[in-house]
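Structure file target.cif (mmCIF, C-alpha atoms and all ligand atoms) follows.
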```cif
data_data
loop_
_atom_site.label_atom_id
_atom_site.label_comp_id
_atom_site.auth_asym_id
_atom_site.auth_seq_id
_atom_site.Cartn_x
_atom_site.Cartn_y
_atom_site.Cartn_z
CA MET A 25 21.87 -27.81 -31.92
CA LEU A 26 20.06 -26.83 -28.76
CA GLU A 27 16.32 -27.13 -28.46
CA LEU A 28 14.04 -24.85 -26.50
CA SER A 29 12.88 -26.93 -23.53
CA PRO A 30 9.13 -26.89 -22.97
CA LEU A 31 7.83 -24.54 -20.31
CA PRO A 32 6.88 -26.87 -17.42
CA TYR A 33 3.42 -25.27 -17.04
CA ALA A 34 0.96 -23.20 -19.05
CA GLU A 35 1.82 -19.57 -19.71
CA ASP A 36 -1.04 -18.41 -17.47
CA ALA A 37 -0.32 -20.91 -14.67
CA LEU A 38 1.66 -18.51 -12.47
CA ALA A 39 -0.87 -15.68 -12.64
CA PRO A 40 -1.50 -13.31 -11.01
CA HIS A 41 2.01 -13.36 -9.56
CA ILE A 42 3.62 -13.69 -12.98
CA GLY A 43 1.08 -13.13 -15.73
CA ALA A 44 0.61 -14.85 -19.08
CA GLU A 45 1.93 -11.87 -21.03
CA THR A 46 5.18 -11.94 -19.07
CA LEU A 47 5.65 -15.66 -19.69
CA ALA A 48 4.68 -15.38 -23.36
CA PHE A 49 7.46 -12.85 -23.88
CA HIS A 50 9.96 -14.16 -21.35
CA TYR A 51 9.77 -17.76 -22.56
CA GLY A 52 8.59 -17.33 -26.14
CA LYS A 53 10.79 -14.36 -27.06
CA HIS A 54 13.69 -13.98 -24.60
CA HIS A 55 14.42 -17.62 -23.80
CA LYS A 56 13.79 -18.73 -27.38
CA GLY A 57 16.00 -15.89 -28.59
CA TYR A 58 18.92 -17.18 -26.51
CA VAL A 59 18.48 -20.69 -27.96
CA ASP A 60 18.32 -19.36 -31.51
CA LYS A 61 21.40 -17.19 -30.99
CA VAL A 62 23.47 -20.09 -29.61
CA ASN A 63 22.49 -22.27 -32.55
CA LYS A 64 23.47 -19.52 -34.98
CA LEU A 65 26.84 -19.03 -33.28
CA VAL A 66 27.81 -22.73 -33.10
CA ASP A 67 26.47 -23.70 -36.53
CA GLY A 68 29.24 -25.24 -38.61
CA THR A 69 31.75 -25.30 -35.74
CA GLU A 70 32.94 -28.17 -33.55
CA LEU A 71 31.08 -26.55 -30.65
CA ASP A 72 27.81 -27.67 -32.26
CA ALA A 73 28.45 -31.19 -30.95
CA LEU A 74 28.49 -30.13 -27.29
CA SER A 75 25.46 -30.30 -25.04
CA LEU A 76 24.60 -27.20 -23.04
CA VAL A 77 26.63 -27.45 -19.82
CA PRO A 78 29.83 -28.67 -21.55
CA LEU A 79 29.39 -25.83 -24.04
CA ILE A 80 29.03 -23.25 -21.24
CA ARG A 81 32.15 -24.60 -19.51
CA LYS A 82 34.12 -24.74 -22.75
CA VAL A 83 33.62 -21.04 -23.55
CA ALA A 84 33.48 -19.61 -19.99
CA GLY A 85 36.39 -17.25 -19.51
CA ASP A 86 37.16 -17.00 -23.25
CA ARG A 87 36.74 -13.33 -24.14
CA SER A 88 36.43 -14.10 -27.83
CA LYS A 89 33.40 -16.29 -27.03
CA LYS A 90 31.64 -13.92 -24.62
CA THR A 91 28.48 -13.56 -26.72
CA LEU A 92 28.21 -17.33 -27.04
CA PHE A 93 28.80 -17.77 -23.31
CA ASN A 94 26.16 -15.19 -22.42
CA ASN A 95 23.51 -16.74 -24.65
CA ALA A 96 24.30 -20.34 -23.67
CA ALA A 97 24.31 -19.44 -19.96
CA GLN A 98 20.98 -17.69 -20.42
CA VAL A 99 19.50 -20.85 -21.96
CA TRP A 100 20.54 -22.87 -18.91
CA ASN A 101 19.58 -20.18 -16.40
CA HIS A 102 16.08 -19.88 -17.86
CA ASP A 103 15.53 -23.66 -17.93
CA PHE A 104 16.51 -23.67 -14.27
CA TYR A 105 14.42 -20.63 -13.39
CA TRP A 106 11.22 -22.09 -14.89
CA ARG A 107 11.72 -25.23 -12.84
CA SER A 108 12.43 -23.18 -9.72
CA MET A 109 8.76 -22.16 -9.79
CA SER A 110 5.47 -24.03 -9.69
CA PRO A 111 1.82 -22.99 -9.84
CA LYS A 112 1.53 -24.70 -6.44
CA GLY A 113 4.78 -23.28 -5.07
CA GLY A 114 5.65 -20.86 -2.33
CA GLY A 115 5.86 -21.10 1.42
CA LYS A 116 8.36 -23.04 3.44
CA PRO A 117 10.60 -25.97 2.56
CA ARG A 118 10.25 -29.34 4.28
CA GLY A 119 12.45 -32.28 5.11
CA ALA A 120 16.21 -32.37 4.67
CA LEU A 121 16.37 -28.99 2.95
CA ALA A 122 14.41 -27.33 5.76
CA GLU A 123 16.79 -28.89 8.29
CA LYS A 124 19.80 -27.65 6.32
CA ILE A 125 18.32 -24.14 6.17
CA ASP A 126 17.69 -24.27 9.92
CA SER A 127 21.19 -25.41 10.80
CA GLU A 128 23.21 -23.41 8.27
CA LEU A 129 21.19 -20.26 7.65
CA GLY A 130 19.42 -19.89 11.01
CA GLY A 131 15.95 -20.88 9.81
CA TYR A 132 13.45 -20.01 7.11
CA ASP A 133 12.87 -16.39 8.20
CA LYS A 134 16.58 -15.63 7.99
CA PHE A 135 16.79 -17.42 4.64
CA ARG A 136 13.90 -15.30 3.34
CA LYS A 137 15.46 -12.06 4.56
CA ARG A 138 18.85 -12.88 3.08
CA PHE A 139 17.43 -14.08 -0.24
CA LYS A 140 15.39 -10.89 -0.56
CA GLU A 141 18.35 -8.70 0.36
CA ALA A 142 20.56 -10.45 -2.21
CA ALA A 143 17.86 -10.15 -4.89
CA THR A 144 17.02 -6.51 -4.29
CA GLY A 145 20.67 -5.63 -3.72
CA GLN A 146 21.85 -7.07 -7.04
CA PHE A 147 22.54 -3.98 -9.18
CA GLY A 148 21.05 -4.25 -12.64
CA SER A 149 20.23 -7.53 -14.35
CA GLY A 150 21.13 -10.95 -13.01
CA TYR A 151 19.92 -13.78 -10.82
CA CYS A 152 19.56 -14.61 -7.14
CA TRP A 153 20.77 -18.10 -6.26
CA LEU A 154 20.46 -20.62 -3.46
CA VAL A 155 23.33 -23.06 -3.95
CA VAL A 156 25.32 -25.71 -2.16
CA GLY A 157 28.78 -24.16 -2.18
CA ASP A 158 32.14 -25.89 -2.41
CA THR A 159 32.16 -26.31 1.37
CA GLY A 160 28.92 -28.29 1.17
CA ARG A 161 27.01 -25.52 2.92
CA LEU A 162 24.13 -23.43 1.63
CA GLU A 163 24.96 -20.05 0.13
CA ILE A 164 22.78 -17.22 -1.17
CA TYR A 165 24.05 -14.61 -3.60
CA GLY A 166 23.18 -12.36 -6.50
CA SER A 167 25.05 -12.65 -9.78
CA PRO A 168 25.22 -10.16 -12.66
CA ASN A 169 23.86 -10.51 -16.19
CA ALA A 170 24.13 -14.09 -17.54
CA GLU A 171 26.62 -15.43 -14.95
CA THR A 172 25.76 -18.98 -13.96
CA PRO A 173 26.99 -21.34 -11.23
CA VAL A 174 27.30 -24.18 -13.76
CA ALA A 175 30.16 -22.36 -15.50
CA GLY A 176 32.32 -23.96 -12.80
CA ASN A 177 31.81 -27.25 -11.00
CA ASP A 178 32.26 -26.19 -7.39
CA GLU A 179 28.67 -25.16 -6.70
CA VAL A 180 25.35 -26.97 -7.08
CA PRO A 181 22.42 -24.62 -7.64
CA LEU A 182 19.19 -25.44 -5.82
CA LEU A 183 16.98 -22.64 -7.10
CA THR A 184 17.12 -19.24 -8.77
CA ALA A 185 15.07 -16.10 -9.31
CA ASP A 186 15.58 -14.20 -12.57
CA LEU A 187 16.23 -10.54 -11.70
CA TRP A 188 16.13 -9.12 -15.20
CA GLU A 189 13.36 -6.55 -15.58
CA HIS A 190 11.80 -8.70 -18.32
CA ALA A 191 10.96 -11.20 -15.53
CA TYR A 192 8.73 -8.84 -13.56
CA TYR A 193 8.18 -5.45 -15.13
CA LEU A 194 4.74 -6.16 -16.66
CA ASP A 195 3.43 -7.57 -13.37
CA HIS A 196 5.28 -5.59 -10.73
CA ARG A 197 6.72 -2.63 -12.67
CA ASN A 198 9.87 -1.38 -10.95
CA GLU A 199 9.11 -3.13 -7.65
CA ARG A 200 11.61 -5.97 -7.60
CA ASP A 201 10.94 -6.49 -3.89
CA ALA A 202 7.23 -7.18 -4.61
CA TYR A 203 8.23 -9.68 -7.31
CA ILE A 204 10.58 -11.45 -4.90
CA ASP A 205 7.82 -11.55 -2.27
CA ALA A 206 5.52 -13.17 -4.86
CA PHE A 207 8.29 -15.57 -5.88
CA LEU A 208 8.92 -16.70 -2.30
CA ASP A 209 5.32 -16.68 -1.06
CA HIS A 210 3.53 -18.17 -4.09
CA LEU A 211 5.89 -19.60 -6.69
CA VAL A 212 9.15 -21.08 -5.41
CA ASP A 213 9.20 -24.86 -5.95
CA TRP A 214 10.83 -26.31 -2.84
CA ASP A 215 10.36 -29.84 -4.20
CA PHE A 216 12.63 -28.93 -7.12
CA ALA A 217 15.22 -27.43 -4.76
CA ALA A 218 15.02 -30.53 -2.53
CA ALA A 219 15.51 -32.81 -5.55
CA ASN A 220 18.59 -30.82 -6.53
CA LEU A 221 19.91 -31.11 -2.98
CA ALA A 222 19.30 -34.87 -3.01
CA SER A 223 21.30 -35.24 -6.21
CA VAL A 224 24.27 -33.19 -5.00
CA ALA A 225 26.58 -36.22 -5.09
CA SER A 226 25.92 -37.00 -8.75
CA LEU A 227 25.86 -33.31 -9.66
CA LYS A 228 29.24 -32.84 -8.01
CA ALA A 229 30.51 -35.68 -10.16
CA GLY A 230 30.04 -33.46 -13.19
CA GLN A 231 26.46 -34.07 -14.18
CA ALA A 232 25.37 -30.52 -13.40
CA VAL A 233 21.92 -30.51 -14.88
CA PRO A 234 18.65 -29.62 -13.17
CA ALA A 235 16.69 -32.45 -11.61
CA LYS A 236 13.83 -33.66 -13.76
FE FE B 301 15.05 -13.84 -18.07
#
```

Can you dump the structure from the file as structure tokens?
Amino acid sequence: MLELSPLPYAEDALAPHIGAETLAFHYGKHHKGYVDKVNKLVDGTELDALSLVPLIRKVAGDRSKKTLFNNAAQVWNHDFYWRSMSPKGGGKPRGALAEKIDSELGGYDKFRKRFKEAATGQFGSGYCWLVVGDTGRLEIYGSPNAETPVAGNDEVPLLTADLWEHAYYLDHRNERDAYIDAFLDHLVDWDFAAANLASVASLKAGQAVPAK
């Protein structure tokens, strides 16, 4: 049985960039719905014993388990997305992550441009990710629907932006670029991303869970 993780801040804490009504529905209806669906699908099966990431990896690539994969991946992706934001977020990274962005991506401004291009260029629903790839270098990319980097074990995600319309439509309507500006300028939690970077070694060893 999975449990719905608590939202790490109040539903109105990200306003006006992401309003309370968005979070009430996105967390309380969408995210909760994914948890409930997974629990319904695994109930009475041996899959019920697995925790979330092992479950995602077990059913990834199995066409007969696609609905279970999608819902389980969405549970993980949303947990990770909530923690990728903070009421005191936004702005530029510091420390080792800032240095890595400087040396591998050409600096914060280039990171910002590439992240925004990947987010606005992702057709339809999905996520935009900053990850440490299998080469150990930073990568930015958009992924469709429920796809998640933790389905494999060659990437370590540092942060994500949910690109589904349910993430931004009430606050920004159809303007995904305005939502991404708000995400980067006011919400992104660089401390969370830095903690994920710092734990790359243990994450690479198979403990692919978000930093606490
Ligand atoms: Fe979502």

Let me have all residues with an atom within 8 Å of ligand FE 301 (chain B), counting only C-alpha atoms and all ligand atoms, laid out as a ChimeraX atom specification.
/A:50-51,54-55,98,101-102,186-191

Output file for the residues above (C-alpha atoms, as a PDB file, keeping the file's coordinate frame):
```
ATOM      1  CA  HIS A  50       9.960 -14.160 -21.350  1.00  0.00           C
ATOM      2  CA  TYR A  51       9.770 -17.760 -22.560  1.00  0.00           C
ATOM      3  CA  HIS A  54      13.690 -13.980 -24.600  1.00  0.00           C
ATOM      4  CA  HIS A  55      14.420 -17.620 -23.800  1.00  0.00           C
ATOM      5  CA  GLN A  98      20.980 -17.690 -20.420  1.00  0.00           C
ATOM      6  CA  ASN A 101      19.580 -20.180 -16.400  1.00  0.00           C
ATOM      7  CA  HIS A 102      16.080 -19.880 -17.860  1.00  0.00           C
ATOM      8  CA  ASP A 186      15.580 -14.200 -12.570  1.00  0.00           C
ATOM      9  CA  LEU A 187      16.230 -10.540 -11.700  1.00  0.00           C
ATOM     10  CA  TRP A 188      16.130  -9.120 -15.200  1.00  0.00           C
ATOM     11  CA  GLU A 189      13.360  -6.550 -15.580  1.00  0.00           C
ATOM     12  CA  HIS A 190      11.800  -8.700 -18.320  1.00  0.00           C
ATOM     13  CA  ALA A 191      10.960 -11.200 -15.530  1.00  0.00           C
TER      14      ALA A 191
END
```

As a list in words, please: the residues near A:Asp215 (cut-off 12 Å, all atoms listed in the file, same-chain neighbours under 4 positions excluded).
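What passes the distance filter is Arg107, Ser108, Met109, Ser110, Lys112, Gly113, Gly114, Gly115, Lys116, Pro117, Arg118, Gly119, Ala120, Leu121, Ala122, Leu182, Leu183, Leu211, Ala219, Asn220, Leu221, Ala222, Ala235 and Lys236 of chain A.
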
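The smallest atom-to-atom distance between A:Tyr132 and any of A:Leu208, A:Leu79, A:Val224, A:Val180, using all atoms listed in the file, is found for A:Leu208.
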
Pick from A:Phe93, A:Trp106, A:Trp100, A:Phe147, whichever lies nearest to A:Ala34 using all atoms listed in the file:
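Closest residue, counting all atoms listed in the file: A:Trp106.
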
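What separates atom CA of A:Glu123 from atom CA of A:Leu38 is a distance of 27.7 Å.
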